[in-house]
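Below: coords.cif (mmCIF, C-alpha atoms)
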```
data_structure
#
loop_
_atom_site.label_atom_id
_atom_site.label_comp_id
_atom_site.auth_asym_id
_atom_site.auth_seq_id
_atom_site.Cartn_x
_atom_site.Cartn_y
_atom_site.Cartn_z
CA MET A 9 -23.00 0.77 -6.42
CA ALA A 10 -26.04 -0.54 -4.60
CA THR A 11 -25.96 -4.13 -3.41
CA SER A 12 -28.63 -6.57 -2.40
CA ALA A 13 -26.18 -8.78 -0.53
CA THR A 14 -26.98 -9.61 3.08
CA THR A 15 -25.11 -11.39 5.80
CA ASP A 16 -27.18 -14.49 4.96
CA GLN A 17 -25.31 -14.67 1.65
CA VAL A 18 -21.92 -14.86 3.31
CA LEU A 19 -20.36 -18.28 3.45
CA ALA A 20 -20.26 -19.92 6.87
CA PRO A 21 -17.37 -18.79 9.07
CA VAL A 22 -14.33 -20.98 9.41
CA LYS A 23 -14.92 -23.48 12.23
CA ALA A 24 -11.51 -23.09 13.84
CA THR A 25 -11.39 -19.83 15.79
CA PRO A 26 -8.12 -17.97 15.18
CA SER A 27 -5.81 -17.44 18.15
CA LEU A 28 -5.64 -14.05 19.84
CA PHE A 29 -2.20 -13.51 18.31
CA ALA A 30 -3.55 -14.30 14.83
CA ASP A 31 -6.47 -11.91 15.36
CA TYR A 32 -4.15 -9.05 16.29
CA ALA A 33 -1.93 -9.85 13.31
CA THR A 34 -5.02 -9.57 11.11
CA LEU A 35 -6.24 -6.41 12.81
CA PHE A 36 -2.85 -4.77 12.31
CA LYS A 37 -2.50 -6.10 8.73
CA VAL A 38 0.99 -7.42 9.38
CA ARG A 39 1.87 -8.00 5.72
CA VAL A 40 0.84 -4.48 4.72
CA SER A 41 2.60 -3.03 7.77
CA THR A 42 5.75 -4.94 6.81
CA MET A 43 5.75 -3.31 3.38
CA VAL A 44 5.31 0.09 5.04
CA ILE A 45 8.31 -0.61 7.29
CA ILE A 46 10.43 -1.68 4.31
CA THR A 47 9.64 1.44 2.27
CA ALA A 48 10.05 3.78 5.24
CA GLY A 49 13.33 2.10 6.14
CA ALA A 50 14.58 2.57 2.58
CA GLY A 51 13.72 6.26 2.77
CA PHE A 52 15.57 6.62 6.08
CA TYR A 53 18.59 4.75 4.70
CA LEU A 54 18.85 6.96 1.63
CA GLY A 55 18.29 10.14 3.63
CA SER A 56 20.94 9.19 6.18
CA LEU A 57 23.57 8.58 3.52
CA ARG A 58 22.66 11.93 2.01
CA SER A 59 23.62 13.41 5.38
CA GLY A 60 26.86 11.42 5.43
CA ILE A 61 26.00 9.39 8.52
CA SER A 62 25.48 5.69 9.08
CA PRO A 63 21.81 4.75 8.61
CA PHE A 64 22.10 1.97 11.17
CA ASN A 65 21.64 3.94 14.37
CA THR A 66 19.18 4.40 17.19
CA SER A 67 17.16 6.94 15.20
CA LEU A 68 16.35 4.30 12.58
CA ILE A 69 14.90 1.96 15.20
CA GLN A 70 12.94 4.78 16.84
CA ALA A 71 11.55 5.98 13.50
CA LEU A 72 10.48 2.50 12.42
CA VAL A 73 8.91 1.75 15.81
CA GLY A 74 6.84 4.94 15.65
CA ILE A 75 5.81 4.39 12.02
CA THR A 76 4.85 0.79 12.80
CA ILE A 77 2.67 1.81 15.75
CA VAL A 78 0.78 4.38 13.69
CA THR A 79 0.41 1.99 10.76
CA CYS A 80 -1.06 -0.67 13.02
CA GLY A 81 -3.48 1.84 14.50
CA ALA A 82 -4.63 2.99 11.05
CA SER A 83 -5.18 -0.63 10.01
CA ALA A 84 -7.26 -1.25 13.14
CA LEU A 85 -9.48 1.79 12.53
CA ASN A 86 -9.84 0.81 8.88
CA GLN A 87 -11.30 -2.53 9.96
CA VAL A 88 -13.53 -0.83 12.53
CA LEU A 89 -15.06 1.29 9.76
CA GLU A 90 -15.28 -1.62 7.33
CA ARG A 91 -16.53 -4.31 9.73
CA LYS A 92 -19.94 -4.50 8.02
CA THR A 93 -18.62 -4.58 4.46
CA ASP A 94 -15.90 -7.05 5.48
CA LEU A 95 -18.66 -9.38 6.63
CA LEU A 96 -20.07 -9.38 3.10
CA MET A 97 -16.84 -10.57 1.50
CA HIS A 98 -15.69 -14.18 1.76
CA ARG A 99 -11.99 -13.34 2.12
CA THR A 100 -12.55 -10.81 4.94
CA ALA A 101 -15.64 -12.19 6.75
CA ASN A 102 -13.52 -13.85 9.43
CA ARG A 103 -11.59 -10.73 10.39
CA PRO A 104 -11.85 -10.13 14.17
CA MET A 105 -13.91 -6.92 13.89
CA ALA A 106 -16.26 -8.32 11.23
CA ALA A 107 -16.73 -11.61 13.06
CA GLY A 108 -17.38 -9.85 16.38
CA ARG A 109 -14.43 -11.32 18.29
CA PHE A 110 -13.26 -7.77 19.07
CA SER A 111 -15.76 -5.21 20.29
CA LEU A 112 -16.30 -1.85 18.63
CA THR A 113 -14.98 -0.08 21.75
CA HIS A 114 -11.86 -2.23 21.76
CA GLY A 115 -11.12 -1.48 18.10
CA LEU A 116 -11.74 2.26 18.46
CA LEU A 117 -9.68 2.70 21.60
CA LEU A 118 -6.80 0.64 20.26
CA GLY A 119 -6.81 2.41 16.89
CA PHE A 120 -7.01 5.96 18.20
CA ALA A 121 -4.51 5.34 21.00
CA THR A 122 -1.85 3.83 18.75
CA ILE A 123 -2.19 6.55 16.11
CA PHE A 124 -2.03 9.34 18.69
CA PHE A 125 0.81 8.00 20.82
CA GLY A 126 2.73 6.69 17.81
CA SER A 127 2.66 10.13 16.15
CA LEU A 128 3.61 11.77 19.44
CA TYR A 129 6.51 9.38 19.90
CA LEU A 130 7.71 10.01 16.32
CA THR A 131 7.66 13.76 16.90
CA TYR A 132 9.74 13.29 20.05
CA ALA A 133 12.14 10.70 18.61
CA THR A 134 12.68 12.31 15.19
CA ASN A 135 11.13 15.68 14.37
CA LEU A 136 7.81 17.51 14.13
CA LEU A 137 7.59 17.15 10.34
CA THR A 138 7.88 13.36 10.48
CA GLY A 139 5.30 13.07 13.25
CA THR A 140 2.92 15.36 11.37
CA LEU A 141 3.31 13.54 8.04
CA THR A 142 2.70 10.20 9.72
CA LEU A 143 -0.43 11.49 11.44
CA LEU A 144 -1.70 12.96 8.14
CA THR A 145 -1.06 9.61 6.45
CA ALA A 146 -3.23 7.84 9.01
CA ILE A 147 -5.96 10.48 8.70
CA GLY A 148 -5.91 10.27 4.91
CA TYR A 149 -6.10 6.48 4.94
CA VAL A 150 -8.79 6.13 7.62
CA GLY A 151 -10.74 9.35 7.34
CA ILE A 152 -10.75 9.94 3.57
CA TYR A 153 -9.80 6.85 1.56
CA THR A 154 -11.74 4.27 3.59
CA PRO A 155 -15.16 6.04 3.50
CA LEU A 156 -14.73 6.93 -0.19
CA LYS A 157 -14.55 3.26 -1.13
CA ARG A 158 -18.35 3.17 -0.82
CA PHE A 159 -18.93 6.15 -3.10
CA THR A 160 -16.48 6.50 -5.98
CA PRO A 161 -13.84 4.52 -7.89
CA LEU A 162 -11.61 7.59 -7.44
CA ASN A 163 -10.87 6.25 -3.96
CA THR A 164 -7.95 4.29 -5.48
CA PHE A 165 -6.30 7.47 -6.78
CA ILE A 166 -6.95 9.39 -3.55
CA GLY A 167 -5.80 6.49 -1.40
CA ALA A 168 -2.53 6.31 -3.34
CA PHE A 169 -1.39 9.56 -1.67
CA PRO A 170 -1.25 8.27 1.93
CA GLY A 171 -0.10 4.93 0.55
CA ALA A 172 2.97 6.55 -1.02
CA LEU A 173 4.08 8.62 1.97
CA PRO A 174 6.10 6.04 4.02
CA PRO A 175 9.41 6.42 2.08
CA LEU A 176 9.10 10.22 2.26
CA ILE A 177 8.41 9.90 5.98
CA GLY A 178 11.54 7.79 6.34
CA TRP A 179 13.48 10.46 4.45
CA THR A 180 12.23 13.28 6.68
CA ALA A 181 13.01 11.21 9.79
CA ALA A 182 16.64 11.16 8.67
CA ARG A 183 16.91 14.63 7.12
CA GLY A 184 14.33 16.74 8.95
CA HIS A 185 12.86 18.34 5.83
CA ILE A 186 11.32 17.50 2.46
CA GLU A 187 13.71 17.36 -0.51
CA TRP A 188 13.38 16.31 -4.14
CA PRO A 189 14.98 12.85 -3.65
CA GLY A 190 12.37 12.16 -0.96
CA VAL A 191 9.63 13.34 -3.32
CA ALA A 192 11.02 10.99 -5.98
CA LEU A 193 10.64 8.08 -3.54
CA PHE A 194 7.06 9.17 -2.95
CA ALA A 195 6.45 9.26 -6.72
CA VAL A 196 7.88 5.76 -7.20
CA LEU A 197 5.55 4.27 -4.61
CA PHE A 198 2.59 6.34 -5.82
CA VAL A 199 2.83 5.06 -9.39
CA TRP A 200 3.70 1.49 -8.39
CA GLN A 201 0.40 1.11 -6.53
CA PHE A 202 -1.92 1.28 -9.53
CA PRO A 203 -1.13 -1.93 -11.45
CA HIS A 204 -0.81 -3.61 -8.03
CA PHE A 205 -4.26 -2.54 -6.84
CA MET A 206 -5.92 -2.93 -10.23
CA ALA A 207 -4.81 -6.58 -10.14
CA ILE A 208 -6.25 -7.04 -6.64
CA GLY A 209 -9.49 -5.34 -7.65
CA TRP A 210 -9.86 -7.59 -10.67
CA MET A 211 -9.10 -10.79 -8.75
CA TYR A 212 -11.74 -10.02 -6.11
CA ARG A 213 -14.16 -7.96 -8.20
CA GLN A 214 -17.19 -10.07 -7.22
CA ASP A 215 -16.33 -9.83 -3.52
CA TYR A 216 -16.00 -6.05 -3.78
CA ALA A 217 -19.22 -5.77 -5.80
CA ASP A 218 -21.13 -7.80 -3.20
CA ALA A 219 -19.91 -5.45 -0.48
CA GLY A 220 -20.81 -2.30 -2.45
CA ILE A 221 -17.22 -1.13 -2.78
CA ARG A 222 -16.70 1.14 -5.76
CA LEU A 223 -13.68 0.21 -7.87
CA SER A 224 -12.86 0.36 -11.55
CA ALA A 225 -13.28 -3.42 -11.57
CA THR A 226 -16.80 -3.32 -10.13
CA GLN A 227 -18.26 -0.93 -12.69
CA GLN A 228 -21.00 -2.19 -14.99
CA PRO A 229 -21.07 -3.52 -17.63
CA ILE A 230 -18.05 -5.79 -17.26
CA THR A 231 -16.60 -4.62 -20.58
CA TRP A 232 -16.44 -1.07 -19.25
CA ALA A 233 -14.88 -2.31 -16.00
CA ALA A 234 -12.26 -4.19 -18.02
CA ARG A 235 -11.40 -1.17 -20.17
CA SER A 236 -11.10 1.14 -17.16
CA THR A 237 -8.97 -1.32 -15.19
CA VAL A 238 -6.70 -2.09 -18.13
CA ALA A 239 -6.27 1.56 -19.14
CA GLN A 240 -5.14 2.56 -15.66
CA SER A 241 -2.89 -0.46 -15.27
CA LEU A 242 -1.13 0.20 -18.56
CA PHE A 243 -0.82 3.95 -18.07
CA TYR A 244 0.89 3.62 -14.70
CA ALA A 245 3.01 0.63 -15.70
CA ILE A 246 4.42 2.70 -18.58
CA LEU A 247 4.84 5.73 -16.30
CA MET A 248 6.65 3.52 -13.78
CA ILE A 249 9.74 3.32 -16.01
CA PRO A 250 10.64 7.05 -16.18
CA VAL A 251 9.50 7.66 -12.60
CA SER A 252 11.74 4.87 -11.30
CA LEU A 253 14.68 6.58 -13.06
CA TRP A 254 14.07 9.92 -11.32
CA PRO A 255 16.45 9.09 -8.40
CA THR A 256 19.26 8.69 -10.96
CA VAL A 257 18.37 12.00 -12.62
CA LEU A 258 18.63 13.60 -9.17
CA HIS A 259 22.04 11.95 -8.66
CA THR A 260 20.75 9.98 -5.69
CA THR A 261 21.60 6.68 -7.36
CA GLY A 262 24.05 5.51 -10.00
CA TYR A 263 23.73 3.93 -13.41
CA ILE A 264 23.71 0.36 -12.14
CA TYR A 265 20.45 1.15 -10.37
CA ALA A 266 19.14 2.82 -13.54
CA ALA A 267 19.81 -0.37 -15.53
CA VAL A 268 18.13 -2.56 -12.91
CA ALA A 269 15.15 -0.17 -12.68
CA SER A 270 14.73 -0.21 -16.46
CA ILE A 271 14.74 -4.00 -16.62
CA LEU A 272 12.32 -4.27 -13.70
CA GLY A 273 10.06 -1.68 -15.28
CA LEU A 274 9.93 -3.59 -18.55
CA VAL A 275 9.08 -6.82 -16.71
CA TYR A 276 6.34 -5.04 -14.75
CA LEU A 277 4.99 -3.58 -17.98
CA GLY A 278 5.18 -6.96 -19.73
CA TYR A 279 3.03 -8.65 -17.10
CA THR A 280 0.61 -5.72 -17.23
CA VAL A 281 0.28 -6.03 -21.02
CA ARG A 282 -0.23 -9.79 -20.63
CA PHE A 283 -3.06 -9.15 -18.15
CA ALA A 284 -4.53 -6.39 -20.34
CA ARG A 285 -4.71 -8.44 -23.53
CA VAL A 286 -6.67 -11.35 -22.09
CA THR A 287 -8.87 -9.13 -19.91
CA LEU A 288 -10.02 -7.02 -22.85
CA ARG A 289 -10.65 -10.12 -24.93
CA ASP A 290 -12.39 -12.25 -22.29
CA PRO A 291 -12.91 -10.27 -19.07
CA ASP A 292 -14.90 -12.92 -17.21
CA SER A 293 -12.45 -15.77 -17.81
CA ASP A 294 -10.39 -17.69 -15.28
CA THR A 295 -7.31 -16.82 -17.35
CA SER A 296 -7.95 -13.12 -16.80
CA ARG A 297 -8.09 -13.64 -13.05
CA GLN A 298 -4.98 -15.82 -13.13
CA TYR A 299 -3.05 -13.18 -15.07
CA ALA A 300 -4.22 -10.59 -12.56
CA ARG A 301 -2.79 -12.82 -9.80
CA ASP A 302 0.49 -13.13 -11.71
CA LEU A 303 0.66 -9.34 -12.04
CA LEU A 304 0.05 -9.00 -8.31
CA HIS A 305 2.89 -11.40 -7.51
CA VAL A 306 5.26 -9.54 -9.84
CA SER A 307 4.33 -6.20 -8.27
CA VAL A 308 5.06 -7.53 -4.78
CA LEU A 309 8.51 -8.70 -5.93
CA TYR A 310 9.20 -5.57 -8.00
CA LEU A 311 9.12 -3.03 -5.20
CA PRO A 312 11.59 -4.55 -2.68
CA ILE A 313 14.01 -5.45 -5.49
CA LEU A 314 13.85 -1.89 -6.82
CA LEU A 315 14.44 -0.43 -3.36
CA ALA A 316 17.30 -2.84 -2.70
CA ALA A 317 18.96 -1.81 -5.98
CA MET A 318 18.47 1.83 -5.02
CA MET A 319 20.05 1.32 -1.60
CA LEU A 320 23.01 -0.68 -2.98
CA ASP A 321 23.80 1.87 -5.67
CA VAL A 322 23.10 5.06 -3.78
CA LYS A 323 25.65 7.82 -4.39
CA GLY A 324 27.60 9.04 -1.41
CA ARG A 325 27.24 5.67 0.32
CA ILE A 326 29.59 5.01 3.19
CA LEU A 327 28.91 1.33 3.89
CA PHE A 328 29.19 -0.53 0.57
#
```

Target format structure tokens, applied to this file:
Amino acid sequence: MATSATTDQVLAPVKATPSLFADYATLFKVRVSTMVIITAGAGFYLGSLRSGISPFNTSLIQALVGITIVTCGASALNQVLERKTDLLMHRTANRPMAAGRFSLTHGLLLGFATIFFGSLYLTYATNLLTGTLTLLTAIGYVGIYTPLKRFTPLNTFIGAFPGALPPLIGWTAARGHIEWPGVALFAVLFVWQFPHFMAIGWMYRQDYADAGIRLSATQQPITWAARSTVAQSLFYAILMIPVSLWPTVLHTTGYIYAAVASILGLVYLGYTVRFARVTLRDPDSDTSRQYARDLLHVSVLYLPILLAAMMLDVKGRILF
């Protein structure tokens, strides 16, 4: 979607300049990277127990270090590519690349170096498949998903593929090959992303529209944007329930996990329905945005609780 926004329309930068440490934390998207580490660690844990070995070993640390390095590099390159659009959005205008505190050369060198050496280290420390999958995840995120955000709302669907790979990568780091339980972990994270990102898109729809980023939430008219956002949120929230039970069907987890997953799925769906009802009725209201924020908070709690239940009730466990 075309935009007439210019840098003159951006609110004045925050007066206090962030510290160098804070700038690197922003460049590496520490909160997002933390979620990647958690999901990859869960995949490694489950894969290790499948092999009958303790998951708490040197290989776990090596795998998580390599995954973290590549994730940080992908986040850095993402902000290099989006430095101009970030400047057009109030919530991202003070990022170090957008604000010019880091040079383009600095961002490029840091991003490419960490992705390359992180993937190389993963291949050495774990196996070729894990290193390759991690490299492909970074390429998909930076080279495909990020540019597509300017052209089509389908970027959310396409970006969900690299976004869902960390638990499968953790699984392959422990097992050395792709198996159905690892694919089930991928599916759980893939489906989980949609209500999560639809909520974010709706909360910041004006920011994204000003920057020319194509999302379901930025389509015109607003009634069409609301219907598209709600339809996707509801579809994937409903799908989340059977998909979250797939590990039990594969005998990776027990029935306690299945009960927890069902309850969590119904809660996730309930908050999605709550958001959907008010958004369809009054899409431009503060209540709609507040319910989107509530859905976002629930989604952030849902995933680690689900993974914890999965890890505590995994079949063949040797520690609990």

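In terms of minimum interatomic distance to A:Leu96, A:Gln214 ranks closest within A:Gln70, A:Gln214, A:Ser296, A:Gln240, counting all atoms listed in the file.
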
- Residues picked by the PyMOL selection byres ((chain A and resi 74) around 9) here, as a ChimeraX atom specification? /A:69-73,75-79,125-131,133,139,142

Take the residues from that selection and put them in a file with C-alpha atoms, as a CSV table (one decimal), in the frame of the given file.
```
chain,number,residue,atom,x,y,z
A,69,ILE,CA,14.9,2.0,15.2
A,70,GLN,CA,12.9,4.8,16.8
A,71,ALA,CA,11.6,6.0,13.5
A,72,LEU,CA,10.5,2.5,12.4
A,73,VAL,CA,8.9,1.8,15.8
A,75,ILE,CA,5.8,4.4,12.0
A,76,THR,CA,4.8,0.8,12.8
A,77,ILE,CA,2.7,1.8,15.8
A,78,VAL,CA,0.8,4.4,13.7
A,79,THR,CA,0.4,2.0,10.8
A,125,PHE,CA,0.8,8.0,20.8
A,126,GLY,CA,2.7,6.7,17.8
A,127,SER,CA,2.7,10.1,16.2
A,128,LEU,CA,3.6,11.8,19.4
A,129,TYR,CA,6.5,9.4,19.9
A,130,LEU,CA,7.7,10.0,16.3
A,131,THR,CA,7.7,13.8,16.9
A,133,ALA,CA,12.1,10.7,18.6
A,139,GLY,CA,5.3,13.1,13.2
A,142,THR,CA,2.7,10.2,9.7
```

Around the point (-10.9, 3.9, -3.8), in the coordinates given by the file, pick out the residues reaching within 12 Å, counting all atoms listed in the file, and return them as an mmCIF file with C-alpha atoms, keeping the file's coordinate frame.
```
data_model
loop_
_atom_site.group_PDB
_atom_site.id
_atom_site.type_symbol
_atom_site.label_atom_id
_atom_site.label_comp_id
_atom_site.auth_asym_id
_atom_site.auth_seq_id
_atom_site.Cartn_x
_atom_site.Cartn_y
_atom_site.Cartn_z
ATOM 1 C CA GLY A 148 -5.910 10.270 4.910
ATOM 2 C CA TYR A 149 -6.100 6.480 4.940
ATOM 3 C CA VAL A 150 -8.790 6.130 7.620
ATOM 4 C CA ILE A 152 -10.750 9.940 3.570
ATOM 5 C CA TYR A 153 -9.800 6.850 1.560
ATOM 6 C CA THR A 154 -11.740 4.270 3.590
ATOM 7 C CA PRO A 155 -15.160 6.040 3.500
ATOM 8 C CA LEU A 156 -14.730 6.930 -0.190
ATOM 9 C CA LYS A 157 -14.550 3.260 -1.130
ATOM 10 C CA ARG A 158 -18.350 3.170 -0.820
ATOM 11 C CA PHE A 159 -18.930 6.150 -3.100
ATOM 12 C CA THR A 160 -16.480 6.500 -5.980
ATOM 13 C CA PRO A 161 -13.840 4.520 -7.890
ATOM 14 C CA LEU A 162 -11.610 7.590 -7.440
ATOM 15 C CA ASN A 163 -10.870 6.250 -3.960
ATOM 16 C CA THR A 164 -7.950 4.290 -5.480
ATOM 17 C CA PHE A 165 -6.300 7.470 -6.780
ATOM 18 C CA ILE A 166 -6.950 9.390 -3.550
ATOM 19 C CA GLY A 167 -5.800 6.490 -1.400
ATOM 20 C CA ALA A 168 -2.530 6.310 -3.340
ATOM 21 C CA PHE A 169 -1.390 9.560 -1.670
ATOM 22 C CA GLY A 171 -0.100 4.930 0.550
ATOM 23 C CA GLN A 201 0.400 1.110 -6.530
ATOM 24 C CA PHE A 202 -1.920 1.280 -9.530
ATOM 25 C CA PHE A 205 -4.260 -2.540 -6.840
ATOM 26 C CA MET A 206 -5.920 -2.930 -10.230
ATOM 27 C CA GLY A 209 -9.490 -5.340 -7.650
ATOM 28 C CA TYR A 216 -16.000 -6.050 -3.780
ATOM 29 C CA GLY A 220 -20.810 -2.300 -2.450
ATOM 30 C CA ILE A 221 -17.220 -1.130 -2.780
ATOM 31 C CA ARG A 222 -16.700 1.140 -5.760
ATOM 32 C CA LEU A 223 -13.680 0.210 -7.870
ATOM 33 C CA SER A 224 -12.860 0.360 -11.550
ATOM 34 C CA ALA A 225 -13.280 -3.420 -11.570
ATOM 35 C CA THR A 226 -16.800 -3.320 -10.130
#
```

- Using only C-alpha atoms, pick whichever of A:Arg99, A:His204, A:Arg58, A:His305 has the shortest atom-to-atom distance to A:Gly184.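 Closest to A:Gly184, using only C-alpha atoms: A:Arg58.
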
- Item | Picked residues, the PyMOL selection byres ((chain A and resi 35-52) around 9), expected as a count of residues only | 51

Give me the residues near stretch 231-239 of chain A as a PDB file with C-alpha atoms, in the frame of the given file, where near means some atom within 9 Å (using all atoms listed in the file) and where sequence neighbours in that chain fewer than 4 positions away do not count.
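Saved the output as selection-v1.pdb:
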```
ATOM      1  CA  PRO A 203      -1.130  -1.930 -11.450  1.00  0.00           C
ATOM      2  CA  MET A 206      -5.920  -2.930 -10.230  1.00  0.00           C
ATOM      3  CA  ALA A 207      -4.810  -6.580 -10.140  1.00  0.00           C
ATOM      4  CA  GLY A 209      -9.490  -5.340  -7.650  1.00  0.00           C
ATOM      5  CA  TRP A 210      -9.860  -7.590 -10.670  1.00  0.00           C
ATOM      6  CA  LEU A 223     -13.680   0.210  -7.870  1.00  0.00           C
ATOM      7  CA  SER A 224     -12.860   0.360 -11.550  1.00  0.00           C
ATOM      8  CA  ALA A 225     -13.280  -3.420 -11.570  1.00  0.00           C
ATOM      9  CA  THR A 226     -16.800  -3.320 -10.130  1.00  0.00           C
ATOM     10  CA  GLN A 227     -18.260  -0.930 -12.690  1.00  0.00           C
ATOM     11  CA  PHE A 243      -0.820   3.950 -18.070  1.00  0.00           C
ATOM     12  CA  TYR A 244       0.890   3.620 -14.700  1.00  0.00           C
ATOM     13  CA  THR A 280       0.610  -5.720 -17.230  1.00  0.00           C
ATOM     14  CA  VAL A 281       0.280  -6.030 -21.020  1.00  0.00           C
ATOM     15  CA  PHE A 283      -3.060  -9.150 -18.150  1.00  0.00           C
ATOM     16  CA  ALA A 284      -4.530  -6.390 -20.340  1.00  0.00           C
ATOM     17  CA  ARG A 285      -4.710  -8.440 -23.530  1.00  0.00           C
ATOM     18  CA  THR A 287      -8.870  -9.130 -19.910  1.00  0.00           C
ATOM     19  CA  LEU A 288     -10.020  -7.020 -22.850  1.00  0.00           C
ATOM     20  CA  ASP A 290     -12.390 -12.250 -22.290  1.00  0.00           C
ATOM     21  CA  PRO A 291     -12.910 -10.270 -19.070  1.00  0.00           C
TER      22      PRO A 291
END
```

- Query: To one decimal place, how far is atom CA of A:Phe124 from atom CA of A:Leu89 in Å?
  - Reply: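 Value for the atom CA of A:Phe124-atom CA of A:Leu89 distance: 17.7 Å.
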
- Pairwise distance, atom CA of A:Ala219 with atom CA of A:Met97, equals 6.3 Å

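Separating atom CA of A:Ala107 from atom CA of A:Asp215 is a distance of 16.7 Å.
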
- Task: Apply the PyMOL selection byres ((chain A and resi 248) around 8) to the displayed file and report the matching residues as a list of chain:residue names.
- Result: A:Val196, A:Val199, A:Trp200, A:Tyr244, A:Ala245, A:Ile246, A:Leu247, A:Ile249, A:Pro250, A:Val251, A:Ser252, A:Gly273
